[in-house]
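Student: This is the structure, below, for whatever I ask next.
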Amino acid sequence: MTTRWTVGIDVGGTFTDAVAVGDNGRFATAKVVSTPDDPSRALLDALAALATDGVAPEAIERLVHGTTVATNALLTGSLARVVLCATDGFTDLLTIRTGQRPDMYDLFQPRPGELVAEADRIAVRERIAADGSAVQALTDEEIGRVVRAVRRRRPASVAIALLFSYVEPRHEERLAAALRAAMPRVPITLSSEVSREVREYPRTVTTAVAAGLRPVMERYLERARTSIAAHGVRAPLLVMESGGGLVPADRATREPHRLILSGPAAGVAGAIELGARLGLQDLLALDMGGTSVDVCLVRDGRAPVTGMQRHDGAPLTVAALDIATAGAGGGSIAWLDPAGALRVGPQSAGAEPGPAAYGRGGDQPTVTDAHLVVGTLDEGTPLAGRLRLDRASAEAALRRLAEPLGLTLDAAAEGILAIATARLAGAVRQVSIERGVDPRGLPLVAFGGAGPLHAARLMRELGLGEIVVPRSPGLLCAVGLAGADERLDAAQTVMARLDPAAAPALAAWFGAAARELRAGLAADGISADRSTFHASADCRYVGQGHELSIPLAGLGARPMRVLAAAFHAAHRVRYGHAAPDEPVEAVTLRLIGVGRLDHPRPAAVEPSARDRRPAAATSRGTRSVLLPGTATRVPVDVWWRDGLRWGDRLDGPCIIEQLDATTLVLAGMRAEVGRWGDLRIRDVTR
Amino acid sequence: MTPRPLDPITFGVLEAALRSACEEMGGALRRSAYSPIIREMLDFSCAIFDANGRLVAQGEFIPAQLGAMGLVVRETLRRHRATLAPGDVFIANHPYLGGAHTPDVNVLRPVFDGRGRRPVAWTGTVAHQVDFGGANPGTEGADHAQLFAEGLVLPPVRLETAAGPVAPIVEIIAANVRDPVSTLADLRAQAAACLVGERRLLELRVRYGGARLRATFEALIDHAERRTRAALAALPDGEAEATGFLDDDGAGGPPTRIHVQLSKHGEAMTVDLTGSSSQVAGGINVPWASTLASVAYLVRAITDPTIPANDGTLRPVSIVCPEGSVLNPRPPAAVSVRHLTIQRLADTMVRAAAALWPEVAVAGHFVGFFSLMAEGPSPRTGRPTVLQDVVGGGSGAHGARRYPDGRVAPGGDGLDAVDTHLSNVGLLSAEVCEVEYPWRLVRSELIRDSAGDGHWRGGRGIRRTYKVLAEPQRVVLYCEQTDPRFRPWGAAGGEDGTPTRLIVRDPSGRRMRVPSKGTVTLAPGSTVTIETGGGGGFGATAAARPTGVARAD
């Protein structure tokens with residue numbers, strides 16, 4: 001019988017990574033160069049590379065794609081031309097924004113970009129009141145006038161965002177029906193379908209972004225689907241969303257704004273999937289690459305999702321993972337501020353020219369250069385198997401920093417690493433301590449090219465429980481795609497006081513939402529017994545403006561006072577105070593429907609010998625390394641990851657090298673190789 | 001014991017940790033606050049002080065409180081040093097004892113060493129309470145004659161001790177304000193934010209030791225001073241002056257004059273405010289904390305905004321201002337609408353800076369700072385609420401700027417519809433307004449022809465119309481720059497922007513006569529329309545430019 005494959009392909013800015021997991025446990029990987037002019041080409045290149053490794057296109061059962069096409073279209077401003085229909089008197093919302101200037105002190109700041117040109121904003125004479133009644137009814141004449149005005153402009157896409165459509169969408173719906181009849185080929189996006197939440201500005205931004213992305217994503221996903229079909233893949237194409245769930249490509253085409261922040265989601269999904277295999281339900285996922293670090297706190301096997309994001313200063317009502325990002329990666333530049341204090345990041349040397357050690361013309365000292373100077377990275381081990389590091393260039397760059405500080409080269413390098421570690425610790429604090437969760441004792445899954453180099457330092461700094469380094473730290477995003485589940489969600493602003501009288505209305509909404517999501521999952525081929533639901537309510541004290549998400553068991557059937565008690569407790573944990581006598585209200589109800597997919601598990605690696613010592617062939621000898629907290633270099637064992645076996649033990653200090661990453665284990669720590677080749681590093685001094 | 005010299009690495013790590021502690025305090029305050037002016041408009045600041053009340057680090061939330069919070073900590077120390085105990089939390093808003101105006105309430109907490117023997121630092125927050133009592137909803141009133149009309153005035157007193165809230169002061173506050181539920185909740189949030197700051201400080205103290213933390217405080221203040229000196233030294237020496245006017249004195253009297261003379265020599269600068277009007281009859285006098293913050297804003301805007309704000313920033317700057325000036329008044333002059341005056345002060349200082357340095361190639365901003373405050377029952381809960389909305393206008397256009405480090409910011413148009421200079425508060429959402437208050441926003445749109453023309457155009461102003469929905473509303477309104485003579489100025493041949501217009505109509509649509517600053521009772525169906533000014537243009541337009549003259553960029 002032929003092997004059936006689940007394939008994850010993550011298209012990044014520089015490289016496209018692919019993994020295939022067979023139903024027999026076989027694990028195949030491929031890395032190809034990305035093709036930014038047409039990302040679907042890299043998708044095909046990756047499939048071709050997998051095919052040479054025995055992954056036949058017709059034997060692929062599921063193909064999951066992580067794409068930055070939506071993100072890049074938004075970043076580069078290459079959205080389709082949108083005509084926006086807005087309530088008369090409010091057509092300038094996108095320019096007026098929040099009324100705040102992006103920078104408080106810069107008298108020379110540029111004007112923010114415009115999502116919709118002023119000439120393409122059409123006033124609709126209508127008005128819905130806060131209670132849903134019509135203050136000014138939308139007449140058929142007015143609909144006719146608006147349709148003519150829209151048509152005249154020949155838009156590629158139309159956005160409709162009227163006031164209070166989250167309460168009463170009928171004006172938006174009537175206008176949309178007329179526009180569709182008049183322009184059947186132009187996509188029409190309604191704010192009431194994009195977001196059922198109060199606040200017109202974020203809802204309008206999100207609707208305009210969704211409208212501008214639709215033609216772009218339609219074109220891209222159609223091309224991707226056609227070309228993989230031509231390549232022989234019969235499996236459906238799934239795409240990862242910002243919230244970490246998968247959706248079929250045609251659904252993503254209709255709701256492309258939900259892909260905007262999907263970049264970091266795949267890696268978190270990979271950490272969750274690995275955590276599930278290792279029995280770790282609560283963990284920190286840390287993805288450190290060349291320019292930045294993303295940290296996410298996973299609890300009970302799920303990553304928290306927040307409903308409001310920022311893009312370029314503009315708010316988007318998009319469900320995305322609650323991730324802390326800091327500008328601290330391998331390429332982050334170390335610099336002296338005008339008064340001579342040492343700083344690291346957020347500027348990055350990126351991939352081009354890259355750190356000084358790349359020898360491609362970069363002359364600014366970076367975190368990677370500091371690693372080369374202290375010896376945790378080595379000239380003899382090329383990065384990603386192909387990029388040779390040049391120690392002399394790294395030293396020259398660092399010297400320019402060390403001299404004005406009156407520091408030795410080693411001290412400056414160690415300083416850069418200490419400051420970079422402090423910035424990572426800041427990101428970890430943000431998702432843990434600031435959310436009322438103590439990170440001490442938690443495991444941290446470290447991935448990305450630079451994560452495993454910094455994880456041990458971070459474990460010391462924060463008192464973490466253990467470090468988990470996946471078998472392929474550079475491929476965890478692709479692994480996460482292959483291991484994720486389908487997910488749909490629904491949300492509705494209700495503004496309901498938590499008293500017993502409100503319970504039936506809340507239960508009714510959750511019931512209706514569950515039916516809708518179940519139907520959606522069923523339409524995508526997922527049966528009811530594979531569907532689970534997670535309900536939550538965003539609650540606050542009556543009078544507050546920010547909410548805390550309170551999970552609800554059993555589709556909102558929980559008594560109101562239980563919900564209120566959970567809110568008081570969460571408020572105390574998060575902010576350090578609570579007011580149990582004050583009334584609580586639910587602002588927005590949310591329901592997530594998860595459709596569980598089958599995930600084949602990779603096979604175990606070969607077990608260790610009885611003495612648990614790594615095979616001699618994996619030794620790469622020793623090298624002299626300056627470890628944190630020591631003044632002189634010490635010889636440190638270096639191991640090659642590929643030959644390590646399940647159960648092998650490696651005592652720190654040691655360095656474990658592989659093609660896509662280098663792992664540092666400090667003195668007093670021990671790394672043990674797990675069943676799937678993962679490394680688990682613990683502090684044995686504690 | 002003298003602290004060990006501080007290595008640059010520890011300094012870098014601790015500096016970042018202190019800054020992020022301030023930001024964490026701000027996040028906790030913002031997200032648990034009730035008053036929209038705190039949670040939506042971000043009118044608050046959080047800071048860390050050394051044991052002597054010197055500002056060490058401040059989170060960046062609003063310029064109007066920049067660098068001035070140390071005054072009130074030092075006043076608290078002066079009064080209570082001998083009796084400080086762990087668990088104490090102080091409250092203060094006295095404009096003549098380090099405060100800015102009565103709605104800006106400071107909540108401060110001494111941080112004791114691990115054994116509770118002596119205070120080693122302070123954490124503090126200042127937040128604009130939407131109402132702190134007094135004659136008017138929202139507490140502010142441009143026509144106030146004395147401080148005593150401006151709500152509850154608190155010198156530094158204990159709000160909490162280790163045993164819990166101090167009941168008498170809590171009861172006094174609750175009895176004096178219009179929406180005690182929100183006010184007490186916001187004070188709790190402020191106190192909780194101070195506690196967050198204390199936890200971070202104590203963690204750092206355990207980790208790095210008290211001596212090193214103290215040395216870092218010292219080094220941070222020195223660092224800010226050195227950077228300010230270096231940035232000032234990079235600008236050419238010279239002197240320049242500028243004059244600006246407010247429409248009136250807050251109470252319908254003659255225009256109030258602001259005069260600024262800047263002189264910069266080497267790495268020091270003097271801001272001489274002599275020649276500004278004497279303190280005035282209305283409530284637009286400026287307490288010293290706000291004058292200081294305005295100068296701190298100017299220094300940042302003309303030098304390097306990345307210089308940390310602390311007690312070192314202003315060391316190279318001398319401020320000259322006679323007592324009894326509108327910018328340094330004697331009690332009990334009223335101060336609650338001092339923001340109008342400091343916006344004009346910022347504008348006039350920038351104008352002097354633009355005259356002195358070609359680097360500061362900017363045109364005048366809208367500084368009319370329209371504000372509407374009204375009290376009425378919430379349509380959802382029936383509870384008393386106080387609505388406050390602040391509406392910005394166009395910022396001035398700018399030419400190109402070359403920075404000392406070689407970076408160049410290209411010339412460009414001003415920003416549309418923004419709060420300018422010392423404030424940066426957000427606009428109220430039309431949907432939130434109608435859900436929470438008995439008011440409907442009928443329009444909120446750009447005024448197309450409001451921008452000052454030029455090679456680069458000014459930003460445009462906003463037209464915003466509010467309608468009263470239920471029962472008569474007592475409404476406090478104020479705005480500036482309604483006098484066309486004082487509209488935003490064009491620069492380098494650019495045209496001026498437009499003045500502010502305020503139009504109030506009764507339910508029949510008839511225009512009512514209302515002053516630009518005052519209180520009015522409006523029946524349901526009445527409307528208030530504000531048209532804020534557009535910013536000044538920069539550089540001559542193509543039509544106005546003589547042939548053969550190159551574009552400015």
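Chain labels run A, B, ... following the order of the structure tokens; each chain numbers its residues from 1, and ligands are numbered from 1 in the order shown.
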Do a neighbour search on Ala363 of chain B at 12 Å with only C-alpha atoms, toss out local chain neighbours closer than 5 positions, and write the hits as a VMD selection string.
Tutor: (chain A and resid 107 to 108) or (chain B and resid 347 to 348 350 to 355 394 to 399 411 to 415 451 to 459 487 to 497 534 to 539)
Student: Could you list, as JSON, numbers by chain, the residues of chain A having an atom within 7 Å of chain B when counting only C-alpha atoms?
Tutor: {"A": [89, 90, 91, 92, 96, 98, 99, 100, 101, 104, 105, 106, 107, 108, 110, 111, 130, 164, 198, 199, 200, 338, 339, 341, 342, 343, 415, 419, 422, 543, 544, 545, 546, 575, 576, 577]}
Student: Given only C-alpha atoms as the basis, pick out the residue of A:Asp23, A:Asp140, A:Glu255, A:Asp651 nearest to Val55 of chain A.
Tutor: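 Residue with the minimum atom-to-atom distance to Val55 of chain A: A:Asp23.
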Student: Using DSSP on the backbone, list every residue of segment 335-529 of chain B that comes out as alpha helix (DSSP H), and give them as a list in words.
Tutor: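 These are the residues in question: Arg338, His339, Leu340, Thr341, Ile342, Gln343, Arg344, Leu345, Ala346, Asp347, Thr348, Met349, Val350, Arg351, Ala352, Ala353, Ala354, Ala355, Leu356, Ala430, Glu431, Val432, Cys433, Glu434, Val435 and Glu436 of chain B.
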Student: As an MDAnalysis selection string, please: the residues near segment 72-82 of chain B (cut-off 9 Å, only C-alpha atoms, same-chain neighbours under 4 positions excluded).
Tutor: chainID B and resid 49 52:55 68 90 92:94 97:99 106 108 122 124 155:157 289
Student: Based on the backbone DSSP call, show me all residues of segment 400-510 of chain A assigned strand (DSSP E or B), as an MDAnalysis selection string.
Tutor: chainID A and resid 443:447 466:469 486:497
Student: Please determine, counting only C-alpha atoms, which residue among A:Met495, A:Leu377, A:Ala578, A:Ile122 has the shortest atom-to-atom distance to Val167 of chain A.
Tutor: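 Among A:Met495, A:Leu377, A:Ala578, A:Ile122, it is A:Met495 that comes nearest to Val167 of chain A.
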